[in-house]
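Below you'll find the structure, written out as structure tokens, and then a few comments.
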Amino acid sequence: MSLTIAEVEHIAELARLELTQVEKERYRQQLSAVLEYIAHLQELDTADIPPTSSVLPARTALRSDHARQGLTPEALLRNAPDAEDNQFRVPPVLE
Amino acid sequence: MTNLTDLALSECIQVLRSGEISSEELTGAYLARINSLDPILQSFLYVNEHHARQQAREADRQMAAWRQDPHQPLPPLMGVPIAVKDVLAVENMPATAGSRILEGYIPPYNATTVQRLLDAGVIILGKTNTDEFAMGSSTENSGYAVTHNPWNTAHVPGGSSGGSAAAVAARLAPLALGTDTGGSVRQPASYCGVTGLKPTYGRVSRYGLIAYGSSLDTVGMLARNARDAALIFTLMAGKDPLDATTLDLPVPEINLDSTPRLDGLRVGVPTEYFIGGLQPEVEYAVRQAIQVLASLGAQVQSVHLPHTEYAVPVYYLIATAEASANLARFDGIRYGPRLSADTMWDVYRKTRGAKFGSEVKRRIMLGTYALSAGYYDAYYGQAQKVRTLIKRDFENAFEQVDLIAAPVAPTTAFRIGEHTEDPLAMYLEDVFTITANLAGVPGLAVPVGFDQQGLPIGMQLMGPHFGEAVLFQAAHAYQLATDWHLKHPTTQGEMT
């Protein structure tokens with residue numbers, strides 16, 4: 001399993017990662033090697049095996065629906081790189 | 001009294017309560033040792049020096065009042081200092097997860113595990129180093145510092161809880177919290193010669209843990225001995241309304257005073273864990289330790305975990321897929337640094353590209369690929385099915401035995417830089433530990449000897465779901481019969 005640079009660029013776009021040319025080539029080689037190793041899994045016949053998404057018994061966790069004191073806007077915004085009027089400030093998202 | 005920092009946690013509790021030593025003295029002794037040795041070891045990312053001293057004085061006041069009126073309840077860990085891995089939120093202390101993308105982040109709340117221990121009276125010495133977002137087996141992937149193994153500073157401490165393991169081994173803390181997604185408590189415990197628990201999935205709350213692989217993440221601890229680990233485990237475990245995966249099951253009292261024998265205990269030795277590539281000294285030490293369990297009355301037999309060889313590829317698909325989703329939140333908007341750009345899209349790409357380290361980007365890429373259109377069934381779907389087979393291996397084994405004994409890792413601590421260019425070699429260090437995470441079962445690492453270079457070797461005890469008590473009883477009996485857990489390194493730079 002060998003990835004192309006175009007595939008690496010596509011994955012990086014999906015993951016919102018800007019990569020340098022050097023990184024793209026390094027990840028192409030390293031991810032190709034890891035995928036080749038992982039391909040080992042295909043040798044198992046799992047047609048009748050159900051998937052495990054959690055080791056816990058399937059259940060829905062319920063709690064009573066009552067209001068409680070949460071964190072203040074000041075506490076939540078203290079870590080923001082840019083904030084204004086109790087809101088996170090970001091570049092324009094619409095033209 | 002000998003060195004205060006030689007006392008195990010349970011001994012600290014006694015001398016603090018009796019008034020023989022104050023929390024200010026004990027906390028001060030640890031802070032002094034951190035200041036003297038951590039410039040070499042780099043096990044802490046943040047030392048809470050000023051507040052820890054203040055809290056110690058407050059604990060001393062409360063204990064003085066309690067000694068006047070001992071009918072008042074006193075929290076069980078009053079005045080005891082501990083360290084916390086830097087992936088858990090502690091209010092008003094930096095939390096970086098070892099990543100530059102969280103530089104400067106100060107959480108406005110406590111993780112549930114931290115809150116429960118603070119309620120029990122602990123003092124937090126600081127935050128310990130970790131591979132970035134707990135992704136790694138050596139603590140070399142930290143965005144801030146490389147932690148050194150106190151037994152030989154040219155070697156890694158293991159990872160990702162390498163800062164916690166090094167700190168406990170070097171007696172910079174009597175105990176430290178760690179987290180284990182694929183072996184990140186047990187493997188550094190083994191490399192540093194300390195005792196480390198990965199609890200059952202769903203037993204200990206992850207609220208306030210910066211998530212890596214949500215179906216695998218657990219919060220555990222690194223300790224001087226099984227008794228100390230058991231005490232902290234019982235205080236942290238149990239249902240938490242803030243973590244829906246915690247189960248509402250009673251937390252057993254773990255009585256370790258009356259278990260010097262292991263008569264009738266059935267111990268399974270998995271054939272698949274004693275394979276080519278296992279360092280001969282590791283095999284020898286683990287087999288000797290199993291002999292000790294037998295001499296204490298345990299019945300030892302072989303068991304099979306036939307899908308062990310598939311665990312590494314299953315893990316690296318499931319953990320990275322979950323990580324690619326969990327780490328989407330780090331986008332330069334709500335916390336951490338932001339690289340400026342004209343569009344939101346470029347803010348995300350530039351901030352994430354510049355501030356995530358190379359291993360984190362590699363795992364996000366792998367996970368994104370495994371979940372992407374056209375590949376989901378072949379990679380992620382197949383991994384989830386093979387996970388079922390690995391889980392069934394353990395269910396079958398635990399019909400025959402009460403616990404499983406095996407090596408923690410195939411080798412002792414490798415040299416700093418030895419595996420950094422070869423991610424696959426690094427991933428294979430986790431071959432014996434990730435199975436417990438995939439199956440959700442508890443695992444306890446205990447020191448059982450040293451190799452010819454003087455580096456520690458660990459044995460791992462694994463039990464059925466919610467079987468922590470039997471692991472602690474076996475480890476405690478082993479530690480009463482042996483003294484490996486009492487050995488400690490003379491760290492370079494230490495005054496003897």
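For the structure tokens, the naming scheme is as follows: chains receive sequential letters (A, B, ...) according to their order of presentation, residues are indexed from 1 within each chain, and ligands are indexed from 1 in presentation order.
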Listing only residues of chain B within 8 Å of chain A, what is the closest atom pair and its distance in Å (to one decimal) for each, using only C-alpha atoms, sorted by chain and residue number ascending, as JSON lines?
{"residue": "B:Gly104", "atom": "CA", "partner": "A:Asn79", "partner_atom": "CA", "distance": 7.8}
{"residue": "B:Tyr105", "atom": "CA", "partner": "A:Asn79", "partner_atom": "CA", "distance": 5.9}
{"residue": "B:Ile106", "atom": "CA", "partner": "A:Asn79", "partner_atom": "CA", "distance": 6.8}
{"residue": "B:Pro108", "atom": "CA", "partner": "A:Ala75", "partner_atom": "CA", "distance": 6.2}
{"residue": "B:Tyr201", "atom": "CA", "partner": "A:Val55", "partner_atom": "CA", "distance": 7.6}
{"residue": "B:Gly202", "atom": "CA", "partner": "A:Leu56", "partner_atom": "CA", "distance": 7.4}
{"residue": "B:Ser215", "atom": "CA", "partner": "A:Ser54", "partner_atom": "CA", "distance": 5.8}
{"residue": "B:Pro241", "atom": "CA", "partner": "A:Arg63", "partner_atom": "CA", "distance": 7.5}
{"residue": "B:Ala244", "atom": "CA", "partner": "A:Ala61", "partner_atom": "CA", "distance": 5.8}
{"residue": "B:Thr245", "atom": "CA", "partner": "A:Leu56", "partner_atom": "CA", "distance": 7.8}
{"residue": "B:Tyr310", "atom": "CA", "partner": "A:Leu41", "partner_atom": "CA", "distance": 6.6}
{"residue": "B:Pro313", "atom": "CA", "partner": "A:Ile38", "partner_atom": "CA", "distance": 4.9}
{"residue": "B:Val314", "atom": "CA", "partner": "A:Leu41", "partner_atom": "CA", "distance": 7.7}
{"residue": "B:Ser324", "atom": "CA", "partner": "A:Ala15", "partner_atom": "CA", "distance": 7.5}
{"residue": "B:Ala328", "atom": "CA", "partner": "A:Ala15", "partner_atom": "CA", "distance": 7.8}
{"residue": "B:Gly332", "atom": "CA", "partner": "A:Pro81", "partner_atom": "CA", "distance": 7.2}
{"residue": "B:Ile333", "atom": "CA", "partner": "A:Ala80", "partner_atom": "CA", "distance": 6.6}
{"residue": "B:Arg334", "atom": "CA", "partner": "A:Ala80", "partner_atom": "CA", "distance": 4.6}
{"residue": "B:Tyr335", "atom": "CA", "partner": "A:Ala80", "partner_atom": "CA", "distance": 4.6}
{"residue": "B:Gly336", "atom": "CA", "partner": "A:Pro81", "partner_atom": "CA", "distance": 6.5}
{"residue": "B:Pro337", "atom": "CA", "partner": "A:Pro81", "partner_atom": "CA", "distance": 6.0}
{"residue": "B:Arg338", "atom": "CA", "partner": "A:Pro81", "partner_atom": "CA", "distance": 6.2}
{"residue": "B:Ala341", "atom": "CA", "partner": "A:Pro91", "partner_atom": "CA", "distance": 7.6}
{"residue": "B:Asp342", "atom": "CA", "partner": "A:Pro91", "partner_atom": "CA", "distance": 6.3}
{"residue": "B:Thr343", "atom": "CA", "partner": "A:Pro91", "partner_atom": "CA", "distance": 5.7}
{"residue": "B:Met344", "atom": "CA", "partner": "A:Pro91", "partner_atom": "CA", "distance": 5.8}
{"residue": "B:Trp345", "atom": "CA", "partner": "A:Arg16", "partner_atom": "CA", "distance": 7.7}
{"residue": "B:Tyr348", "atom": "CA", "partner": "A:Arg16", "partner_atom": "CA", "distance": 6.1}
{"residue": "B:Arg349", "atom": "CA", "partner": "A:Leu17", "partner_atom": "CA", "distance": 4.6}
{"residue": "B:Lys350", "atom": "CA", "partner": "A:Glu18", "partner_atom": "CA", "distance": 5.6}
{"residue": "B:Arg352", "atom": "CA", "partner": "A:Leu17", "partner_atom": "CA", "distance": 5.6}
{"residue": "B:Gly353", "atom": "CA", "partner": "A:Glu18", "partner_atom": "CA", "distance": 4.6}
{"residue": "B:Ala354", "atom": "CA", "partner": "A:Glu18", "partner_atom": "CA", "distance": 7.6}
{"residue": "B:Lys361", "atom": "CA", "partner": "A:Leu17", "partner_atom": "CA", "distance": 7.8}
{"residue": "B:Arg362", "atom": "CA", "partner": "A:Tyr27", "partner_atom": "CA", "distance": 6.7}
{"residue": "B:Ile364", "atom": "CA", "partner": "A:Ala15", "partner_atom": "CA", "distance": 7.0}
{"residue": "B:Met365", "atom": "CA", "partner": "A:Ile11", "partner_atom": "CA", "distance": 6.2}
{"residue": "B:Leu366", "atom": "CA", "partner": "A:Leu31", "partner_atom": "CA", "distance": 6.9}
{"residue": "B:Thr368", "atom": "CA", "partner": "A:Ala15", "partner_atom": "CA", "distance": 6.5}
{"residue": "B:Tyr369", "atom": "CA", "partner": "A:Ile11", "partner_atom": "CA", "distance": 6.2}
{"residue": "B:Ala378", "atom": "CA", "partner": "A:Gln42", "partner_atom": "CA", "distance": 7.7}
{"residue": "B:Gly381", "atom": "CA", "partner": "A:Pro51", "partner_atom": "CA", "distance": 7.0}
{"residue": "B:Gln382", "atom": "CA", "partner": "A:Leu41", "partner_atom": "CA", "distance": 7.4}
{"residue": "B:Ala383", "atom": "CA", "partner": "A:Leu41", "partner_atom": "CA", "distance": 7.4}
{"residue": "B:Gln384", "atom": "CA", "partner": "A:Pro51", "partner_atom": "CA", "distance": 4.7}
{"residue": "B:Lys385", "atom": "CA", "partner": "A:Pro51", "partner_atom": "CA", "distance": 4.1}
{"residue": "B:Val386", "atom": "CA", "partner": "A:Thr46", "partner_atom": "CA", "distance": 7.2}
{"residue": "B:Arg387", "atom": "CA", "partner": "A:Thr52", "partner_atom": "CA", "distance": 6.1}
{"residue": "B:Thr388", "atom": "CA", "partner": "A:Thr52", "partner_atom": "CA", "distance": 5.4}
{"residue": "B:Leu389", "atom": "CA", "partner": "A:Ile49", "partner_atom": "CA", "distance": 7.8}
{"residue": "B:Pro423", "atom": "CA", "partner": "A:Gln30", "partner_atom": "CA", "distance": 7.5}
{"residue": "B:Leu424", "atom": "CA", "partner": "A:Val34", "partner_atom": "CA", "distance": 6.6}
{"residue": "B:Leu438", "atom": "CA", "partner": "A:Val55", "partner_atom": "CA", "distance": 7.8}
{"residue": "B:Ala439", "atom": "CA", "partner": "A:Val55", "partner_atom": "CA", "distance": 6.5}
{"residue": "B:Gly440", "atom": "CA", "partner": "A:Val55", "partner_atom": "CA", "distance": 5.8}
Could those selected residues go to a file with C-alpha atoms, as an mmCIF file, in the first residue's frame?
data_model
loop_
_atom_site.group_PDB
_atom_site.id
_atom_site.type_symbol
_atom_site.label_atom_id
_atom_site.label_comp_id
_atom_site.auth_asym_id
_atom_site.auth_seq_id
_atom_site.Cartn_x
_atom_site.Cartn_y
_atom_site.Cartn_z
ATOM 1 C CA GLY B 104 -0.843 29.141 27.841
ATOM 2 C CA TYR B 105 -4.157 27.334 28.355
ATOM 3 C CA ILE B 106 -5.357 27.450 31.964
ATOM 4 C CA PRO B 108 -11.204 26.914 34.605
ATOM 5 C CA TYR B 201 -12.659 1.091 31.225
ATOM 6 C CA GLY B 202 -15.674 2.788 32.853
ATOM 7 C CA SER B 215 -13.101 4.160 23.687
ATOM 8 C CA PRO B 241 -22.414 12.153 36.354
ATOM 9 C CA ALA B 244 -21.417 8.948 30.916
ATOM 10 C CA THR B 245 -19.096 5.959 30.433
ATOM 11 C CA TYR B 310 -3.404 -8.245 15.526
ATOM 12 C CA PRO B 313 -2.776 -2.710 13.875
ATOM 13 C CA VAL B 314 -6.243 -2.671 15.496
ATOM 14 C CA SER B 324 -8.628 12.590 14.539
ATOM 15 C CA ALA B 328 -10.576 18.598 15.751
ATOM 16 C CA GLY B 332 -7.032 28.282 17.397
ATOM 17 C CA ILE B 333 -10.497 29.674 18.155
ATOM 18 C CA ARG B 334 -11.351 29.038 21.792
ATOM 19 C CA TYR B 335 -7.997 28.351 23.471
ATOM 20 C CA GLY B 336 -4.307 28.196 22.740
ATOM 21 C CA PRO B 337 -2.370 30.289 20.241
ATOM 22 C CA ARG B 338 -3.790 31.308 16.867
ATOM 23 C CA ALA B 341 -4.952 34.470 8.388
ATOM 24 C CA ASP B 342 -7.599 36.126 6.248
ATOM 25 C CA THR B 343 -10.036 33.214 6.296
ATOM 26 C CA MET B 344 -11.249 30.777 8.944
ATOM 27 C CA TRP B 345 -10.108 27.868 6.805
ATOM 28 C CA TYR B 348 -7.401 26.253 11.105
ATOM 29 C CA ARG B 349 -4.818 24.911 8.667
ATOM 30 C CA LYS B 350 -1.988 27.214 9.715
ATOM 31 C CA ARG B 352 -2.891 23.161 13.406
ATOM 32 C CA GLY B 353 -0.042 22.690 10.939
ATOM 33 C CA ALA B 354 2.347 24.823 12.974
ATOM 34 C CA LYS B 361 -0.047 15.081 12.819
ATOM 35 C CA ARG B 362 0.950 11.581 11.702
ATOM 36 C CA ILE B 364 -4.426 12.556 12.854
ATOM 37 C CA MET B 365 -3.585 11.813 9.193
ATOM 38 C CA LEU B 366 -3.768 8.041 9.728
ATOM 39 C CA THR B 368 -8.551 10.691 9.017
ATOM 40 C CA TYR B 369 -7.569 8.283 6.253
ATOM 41 C CA ALA B 378 -11.610 -1.898 5.095
ATOM 42 C CA GLY B 381 -14.715 -1.327 10.334
ATOM 43 C CA GLN B 382 -12.352 -4.296 10.121
ATOM 44 C CA ALA B 383 -10.406 -3.044 13.168
ATOM 45 C CA GLN B 384 -13.611 -2.888 15.222
ATOM 46 C CA LYS B 385 -14.412 -6.478 14.286
ATOM 47 C CA VAL B 386 -10.946 -7.742 15.166
ATOM 48 C CA ARG B 387 -11.300 -5.837 18.430
ATOM 49 C CA THR B 388 -14.234 -8.129 19.183
ATOM 50 C CA LEU B 389 -11.957 -11.159 18.656
ATOM 51 C CA PRO B 423 7.310 5.172 14.137
ATOM 52 C CA LEU B 424 6.504 1.509 13.519
ATOM 53 C CA LEU B 438 -8.881 -2.927 23.449
ATOM 54 C CA ALA B 439 -10.576 -5.432 25.801
ATOM 55 C CA GLY B 440 -11.243 -2.795 28.500
#
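Summary of the local environment: counting only C-alpha atoms, residues at most 7 Å from Ala169 in chain B, other than itself and those fewer than 5 positions away along its chain, are Pro150, Cys192, Gly193, Val194 and His488 of chain B.
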Range 15-44 of chain A: which residues are alpha helix (DSSP H) by DSSP, as JSON, numbers by chain?
-> {"A": [21, 22, 23, 24, 25, 26, 27, 28, 29, 30, 31, 32, 33, 34, 35, 36, 37, 38]}
Work out how far apart CA of Asn149 in chain B and CA of Ile232 in chain B are and give it in Å to one decimal.
-> 24.2 Å
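In terms of minimum interatomic distance to Met135 in chain B, B:Ala211 ranks closest within B:Ala211, B:Val312, B:Ala370, B:Val470, counting only C-alpha atoms.
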From a DSSP calculation on the backbone, collect every residue of range 395-424 of chain B in strand (DSSP E or B) and output the set as a PyMOL selection string.
-> chain B and resi 403-407+415
Take the residues from that selection and write them out as a short mmCIF file (atom, residue, chain, number, x, y, z; two decimals), in the first residue's frame, keeping C-alpha atoms.
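Saved file part.cif follows:
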data_model
loop_
_atom_site.label_atom_id
_atom_site.label_comp_id
_atom_site.auth_asym_id
_atom_site.auth_seq_id
_atom_site.Cartn_x
_atom_site.Cartn_y
_atom_site.Cartn_z
CA LEU B 403 -5.64 -13.22 36.42
CA ILE B 404 -3.06 -13.18 33.64
CA ALA B 405 0.65 -12.55 34.23
CA ALA B 406 2.88 -11.36 31.37
CA PRO B 407 5.69 -8.94 30.53
CA ARG B 415 17.97 4.91 24.44
#
Return the single residue from B:Gln288, B:Lys239, B:Ile254, B:Leu249 that is closest to Arg227 in chain B, with distances computed using only C-alpha atoms.
->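 Among the listed residues, the smallest separation from Arg227 in chain B belongs to B:Ile254.
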What is the CA of Met78 in chain B-CA of Ala166 in chain B distance in Å, reported with one decimal?
->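 Pair CA of Met78 in chain B / CA of Ala166 in chain B returns 24.2 Å.
One finds CA of Leu471 in chain B at 13.3 Å from CA of Phe398 in chain B.
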